[in-house]
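Here the structure is laid out as structure tokens; the discussion comes afterwards.
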Amino acid sequence: IKSLIAFLLMFFVCFGFSTQIYNILVLPYVWAAGNAANAQLIYTGPLELLFTHIKVAAFGAGFFAFPVIATQIYKFVAPGLYKNEKAAFAPYLVATPVFFTLGAMLVFFFAMPVLMKFSLGMQQAATETQAGIALLPKVSEYLSLIMTLIFAFGIAFQLPVLLTLLVRVGIISTDALASKRRYAIVGAFVAAAVLTPPDVISQVSLALPLIALYEIAIVVGRRIEKARAEAEAQ
């Protein structure tokens with residue numbers, strides 16, 4: 001109930017600033033186009049822009065209400081944990097939103113500008129012998145694209161959090177992770193193909209960071225195993 005209240009409050013706040021939030025989300029398109037005058041968006045239905053603002057408000061509400069939602073989930077789980085388990089679990093509560101934000105920033109500052117730059121480069125100038133082809137994205141389709149990428153990258157960036165947690169509780173070992181590296185590389189590209197729109201730029205932009213995060217998880221996991229071994233020896 002508290003999570004729902006937090007979401008609804010943030011929804012109405014974000015709806016009041018939905019235009020400003022949407023203008024921020026359009027910045028990657030503006031950067032790719034060179035200036036705001038060249039970044040044109042359209043809507044083709046009478047209520048399309050209204051529903052787009054509602055989606056923006058829901059997107060912002062989910063983002064800003066996440067700390068409250070995560071806290072409520074932890075409070076539900078915490079009574080079933082021992083004191084040492086709570087201490088072990090706490091860093092991951094911090095790491096989860098941090099890595100989600102890193103994934104969102106990669107979309108905002110790199111993947112989306114590159115994707116829009118590529119799309120703009122496919123335009124065709126009108127001549128006497130060929131028709132002009134210009135990019136005029138719909139406001140709803142642009143929002144769906146950037147939201148999909150942000151959620152895909154944000155969720156995918158939880159990989160090191162999940163793997164180090166599994167190493168910490170002893171479900172998997174870093175030796176096992178290292179031995180399955182080639183399968184992880186293939187899995188990264190498969191996950192990128194599933195989570196992102198069907199374009200090579202988005203898929204490669206997600207797959208390469210996933211591979212790097214997998215290697216980071218192995219390095220951090222080995223430190224966890226070393227610390228655990230030293231504690232057991234003592």
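The chains in the structure tokens are called A, B, ... from first to last as shown; in each chain the residues are counted from 1, and the ligands are counted from 1 in the order shown.
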
All helix (DSSP H, G or I) positions in stretch 22-189 of chain A, as a PDB file with C-alpha atoms, in the first residue's frame:
```pdb
ATOM      1  CA  TYR A  22       9.897  14.482 -22.167  1.00  0.00           C
ATOM      2  CA  ASN A  23      12.095  17.345 -23.379  1.00  0.00           C
ATOM      3  CA  ILE A  24      14.950  15.861 -21.352  1.00  0.00           C
ATOM      4  CA  LEU A  25      14.362  12.440 -22.907  1.00  0.00           C
ATOM      5  CA  LEU A  27      17.941  15.495 -25.761  1.00  0.00           C
ATOM      6  CA  PRO A  28      19.773  12.521 -27.354  1.00  0.00           C
ATOM      7  CA  TYR A  29      17.776  13.169 -30.530  1.00  0.00           C
ATOM      8  CA  VAL A  30      18.629  16.877 -30.334  1.00  0.00           C
ATOM      9  CA  TRP A  31      22.335  16.100 -29.907  1.00  0.00           C
ATOM     10  CA  ALA A  32      22.259  13.744 -32.888  1.00  0.00           C
ATOM     11  CA  ALA A  33      20.413  16.302 -35.041  1.00  0.00           C
ATOM     12  CA  ALA A  36      16.597  21.493 -31.517  1.00  0.00           C
ATOM     13  CA  ALA A  37      15.313  23.036 -34.767  1.00  0.00           C
ATOM     14  CA  ASN A  38      16.378  19.916 -36.695  1.00  0.00           C
ATOM     15  CA  GLU A  48      -1.542  10.500 -28.813  1.00  0.00           C
ATOM     16  CA  LEU A  49       0.358  13.319 -27.115  1.00  0.00           C
ATOM     17  CA  LEU A  50      -1.860  13.086 -24.007  1.00  0.00           C
ATOM     18  CA  PHE A  51      -1.250   9.353 -23.657  1.00  0.00           C
ATOM     19  CA  THR A  52       2.456   9.974 -24.221  1.00  0.00           C
ATOM     20  CA  HIS A  53       2.486  12.406 -21.292  1.00  0.00           C
ATOM     21  CA  ILE A  54       0.692   9.790 -19.171  1.00  0.00           C
ATOM     22  CA  LYS A  55       3.376   7.234 -20.077  1.00  0.00           C
ATOM     23  CA  VAL A  56       6.080   9.765 -19.226  1.00  0.00           C
ATOM     24  CA  ALA A  57       4.438  10.355 -15.841  1.00  0.00           C
ATOM     25  CA  ALA A  58       4.262   6.599 -15.169  1.00  0.00           C
ATOM     26  CA  PHE A  59       7.892   6.195 -16.237  1.00  0.00           C
ATOM     27  CA  GLY A  60       9.012   9.004 -13.929  1.00  0.00           C
ATOM     28  CA  ALA A  61       6.847   7.727 -11.082  1.00  0.00           C
ATOM     29  CA  GLY A  62       8.412   4.289 -11.279  1.00  0.00           C
ATOM     30  CA  PHE A  63      11.884   5.812 -11.256  1.00  0.00           C
ATOM     31  CA  PHE A  64      11.360   8.258  -8.385  1.00  0.00           C
ATOM     32  CA  PHE A  66      11.760   3.074  -6.557  1.00  0.00           C
ATOM     33  CA  PRO A  67      13.562   3.909  -3.260  1.00  0.00           C
ATOM     34  CA  VAL A  68      10.272   3.607  -1.365  1.00  0.00           C
ATOM     35  CA  ILE A  69       9.323   0.410  -3.211  1.00  0.00           C
ATOM     36  CA  ALA A  70      12.753  -1.148  -2.600  1.00  0.00           C
ATOM     37  CA  THR A  71      12.584  -0.190   1.084  1.00  0.00           C
ATOM     38  CA  GLN A  72       9.175  -1.823   1.454  1.00  0.00           C
ATOM     39  CA  ILE A  73      10.435  -5.008  -0.205  1.00  0.00           C
ATOM     40  CA  TYR A  74      13.434  -5.070   2.147  1.00  0.00           C
ATOM     41  CA  LYS A  75      11.211  -4.537   5.195  1.00  0.00           C
ATOM     42  CA  PHE A  76       9.105  -7.484   4.068  1.00  0.00           C
ATOM     43  CA  VAL A  77      12.165  -9.742   3.672  1.00  0.00           C
ATOM     44  CA  ALA A  78      14.266  -8.463   6.604  1.00  0.00           C
ATOM     45  CA  PRO A  79      12.401 -10.255   9.462  1.00  0.00           C
ATOM     46  CA  GLY A  80      13.390 -13.580   7.895  1.00  0.00           C
ATOM     47  CA  LYS A  83      21.837 -10.107  11.488  1.00  0.00           C
ATOM     48  CA  ASN A  84      24.832 -11.188   9.414  1.00  0.00           C
ATOM     49  CA  GLU A  85      22.544 -11.858   6.431  1.00  0.00           C
ATOM     50  CA  LYS A  86      21.102  -8.342   6.711  1.00  0.00           C
ATOM     51  CA  ALA A  87      24.641  -6.920   6.726  1.00  0.00           C
ATOM     52  CA  ALA A  88      25.503  -8.979   3.645  1.00  0.00           C
ATOM     53  CA  PHE A  89      22.302  -7.962   1.858  1.00  0.00           C
ATOM     54  CA  ALA A  90      22.598  -4.222   2.526  1.00  0.00           C
ATOM     55  CA  PRO A  91      25.325  -3.397  -0.070  1.00  0.00           C
ATOM     56  CA  TYR A  92      23.211  -4.925  -2.817  1.00  0.00           C
ATOM     57  CA  LEU A  93      20.317  -2.601  -1.964  1.00  0.00           C
ATOM     58  CA  VAL A  94      22.644   0.291  -2.765  1.00  0.00           C
ATOM     59  CA  ALA A  95      24.269  -1.374  -5.774  1.00  0.00           C
ATOM     60  CA  THR A  96      20.975  -2.180  -7.529  1.00  0.00           C
ATOM     61  CA  PRO A  97      19.824   1.422  -8.201  1.00  0.00           C
ATOM     62  CA  VAL A  98      23.421   2.525  -8.849  1.00  0.00           C
ATOM     63  CA  PHE A  99      23.929  -0.030 -11.625  1.00  0.00           C
ATOM     64  CA  PHE A 100      20.460   0.643 -13.031  1.00  0.00           C
ATOM     65  CA  THR A 101      21.366   4.339 -13.231  1.00  0.00           C
ATOM     66  CA  LEU A 102      24.671   3.506 -14.936  1.00  0.00           C
ATOM     67  CA  GLY A 103      22.774   1.515 -17.556  1.00  0.00           C
ATOM     68  CA  ALA A 104      20.312   4.363 -18.080  1.00  0.00           C
ATOM     69  CA  MET A 105      23.170   6.859 -18.441  1.00  0.00           C
ATOM     70  CA  LEU A 106      24.829   4.669 -21.071  1.00  0.00           C
ATOM     71  CA  VAL A 107      21.570   4.750 -23.048  1.00  0.00           C
ATOM     72  CA  PHE A 108      21.087   8.487 -22.621  1.00  0.00           C
ATOM     73  CA  PHE A 109      24.622   9.651 -23.384  1.00  0.00           C
ATOM     74  CA  PHE A 110      25.824   7.007 -25.860  1.00  0.00           C
ATOM     75  CA  ALA A 111      23.445   4.377 -27.250  1.00  0.00           C
ATOM     76  CA  MET A 112      20.497   6.651 -28.039  1.00  0.00           C
ATOM     77  CA  PRO A 113      22.542   9.491 -29.633  1.00  0.00           C
ATOM     78  CA  VAL A 114      24.430   6.955 -31.790  1.00  0.00           C
ATOM     79  CA  LEU A 115      21.175   5.252 -32.798  1.00  0.00           C
ATOM     80  CA  MET A 116      19.502   8.551 -33.715  1.00  0.00           C
ATOM     81  CA  LYS A 117      22.628   9.748 -35.541  1.00  0.00           C
ATOM     82  CA  PHE A 118      22.570   6.555 -37.597  1.00  0.00           C
ATOM     83  CA  SER A 119      18.843   6.952 -38.310  1.00  0.00           C
ATOM     84  CA  LEU A 120      19.281  10.560 -39.405  1.00  0.00           C
ATOM     85  CA  GLY A 121      22.121   9.529 -41.682  1.00  0.00           C
ATOM     86  CA  VAL A 139       6.333  11.201 -29.998  1.00  0.00           C
ATOM     87  CA  SER A 140       4.910   7.895 -28.731  1.00  0.00           C
ATOM     88  CA  GLU A 141       7.327   5.714 -30.724  1.00  0.00           C
ATOM     89  CA  TYR A 142      10.354   7.725 -29.620  1.00  0.00           C
ATOM     90  CA  LEU A 143       9.269   7.439 -25.981  1.00  0.00           C
ATOM     91  CA  SER A 144       8.718   3.682 -26.331  1.00  0.00           C
ATOM     92  CA  LEU A 145      12.172   3.282 -27.871  1.00  0.00           C
ATOM     93  CA  ILE A 146      14.103   5.177 -25.203  1.00  0.00           C
ATOM     94  CA  MET A 147      12.056   3.631 -22.364  1.00  0.00           C
ATOM     95  CA  THR A 148      12.691   0.141 -23.751  1.00  0.00           C
ATOM     96  CA  LEU A 149      16.423   0.811 -23.975  1.00  0.00           C
ATOM     97  CA  ILE A 150      16.618   2.330 -20.489  1.00  0.00           C
ATOM     98  CA  PHE A 151      14.804  -0.598 -18.894  1.00  0.00           C
ATOM     99  CA  ALA A 152      16.775  -3.133 -20.942  1.00  0.00           C
ATOM    100  CA  PHE A 153      20.150  -1.617 -20.046  1.00  0.00           C
ATOM    101  CA  GLY A 154      19.106  -0.989 -16.425  1.00  0.00           C
ATOM    102  CA  ILE A 155      18.001  -4.585 -15.914  1.00  0.00           C
ATOM    103  CA  ALA A 156      21.001  -6.008 -17.781  1.00  0.00           C
ATOM    104  CA  LEU A 159      24.292  -8.813 -13.838  1.00  0.00           C
ATOM    105  CA  PRO A 160      27.313  -8.112 -11.570  1.00  0.00           C
ATOM    106  CA  VAL A 161      25.002  -7.527  -8.599  1.00  0.00           C
ATOM    107  CA  LEU A 162      23.303 -10.893  -9.151  1.00  0.00           C
ATOM    108  CA  LEU A 163      26.514 -12.829  -9.827  1.00  0.00           C
ATOM    109  CA  THR A 164      28.423 -11.439  -6.839  1.00  0.00           C
ATOM    110  CA  LEU A 165      25.421 -12.159  -4.615  1.00  0.00           C
ATOM    111  CA  LEU A 166      25.380 -15.774  -5.832  1.00  0.00           C
ATOM    112  CA  VAL A 167      29.129 -16.032  -5.192  1.00  0.00           C
ATOM    113  CA  ARG A 168      28.694 -14.570  -1.734  1.00  0.00           C
ATOM    114  CA  VAL A 169      26.062 -17.110  -0.690  1.00  0.00           C
ATOM    115  CA  THR A 174      34.314 -17.649  -9.763  1.00  0.00           C
ATOM    116  CA  ASP A 175      36.098 -20.663 -11.279  1.00  0.00           C
ATOM    117  CA  ALA A 176      32.758 -21.804 -12.667  1.00  0.00           C
ATOM    118  CA  LEU A 177      32.061 -18.324 -14.019  1.00  0.00           C
ATOM    119  CA  ALA A 178      35.489 -18.165 -15.674  1.00  0.00           C
ATOM    120  CA  SER A 179      35.072 -21.615 -17.250  1.00  0.00           C
ATOM    121  CA  ARG A 181      33.039 -17.307 -20.172  1.00  0.00           C
ATOM    122  CA  ARG A 182      32.498 -18.212 -23.827  1.00  0.00           C
ATOM    123  CA  TYR A 183      28.911 -19.210 -23.119  1.00  0.00           C
ATOM    124  CA  ALA A 184      28.437 -15.917 -21.279  1.00  0.00           C
ATOM    125  CA  ILE A 185      29.642 -13.991 -24.337  1.00  0.00           C
ATOM    126  CA  VAL A 186      27.118 -15.769 -26.552  1.00  0.00           C
ATOM    127  CA  GLY A 187      24.447 -15.258 -23.890  1.00  0.00           C
ATOM    128  CA  ALA A 188      25.224 -11.525 -23.758  1.00  0.00           C
ATOM    129  CA  PHE A 189      24.495 -11.131 -27.464  1.00  0.00           C
TER     130      PHE A 189
END
```

>> Which residue is closest to A:Ile224? Choose from A:Ser173, A:Asn35, A:Ser205, A:Leu195 and count only C-alpha atoms.
In response: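 When distances to A:Ile224 are compared using only C-alpha atoms, the smallest one comes from A:Ser173.
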
Strand (DSSP E or B) call set, DSSP backbone run, stretch 4-194 of chain A, as a tab-separated table (two decimals) with N, CA and C atoms, in the first residue's frame:
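See selection33.tsv below for the written result:
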```tsv
chain	number	residue	atom	x	y	z
A	42	ILE	N	6.48	14.24	-34.36
A	42	ILE	CA	5.08	14.46	-34.74
A	42	ILE	C	4.19	13.51	-33.94
A	124	GLN	N	17.15	10.74	-47.11
A	124	GLN	CA	17.45	10.89	-48.53
A	124	GLN	C	16.95	12.26	-49.01
A	133	ILE	N	13.30	11.58	-48.49
A	133	ILE	CA	12.91	10.74	-47.36
A	133	ILE	C	13.48	11.35	-46.09
A	138	LYS	N	7.43	9.64	-34.38
A	138	LYS	CA	6.25	9.97	-33.59
A	138	LYS	C	6.65	10.10	-32.13
```
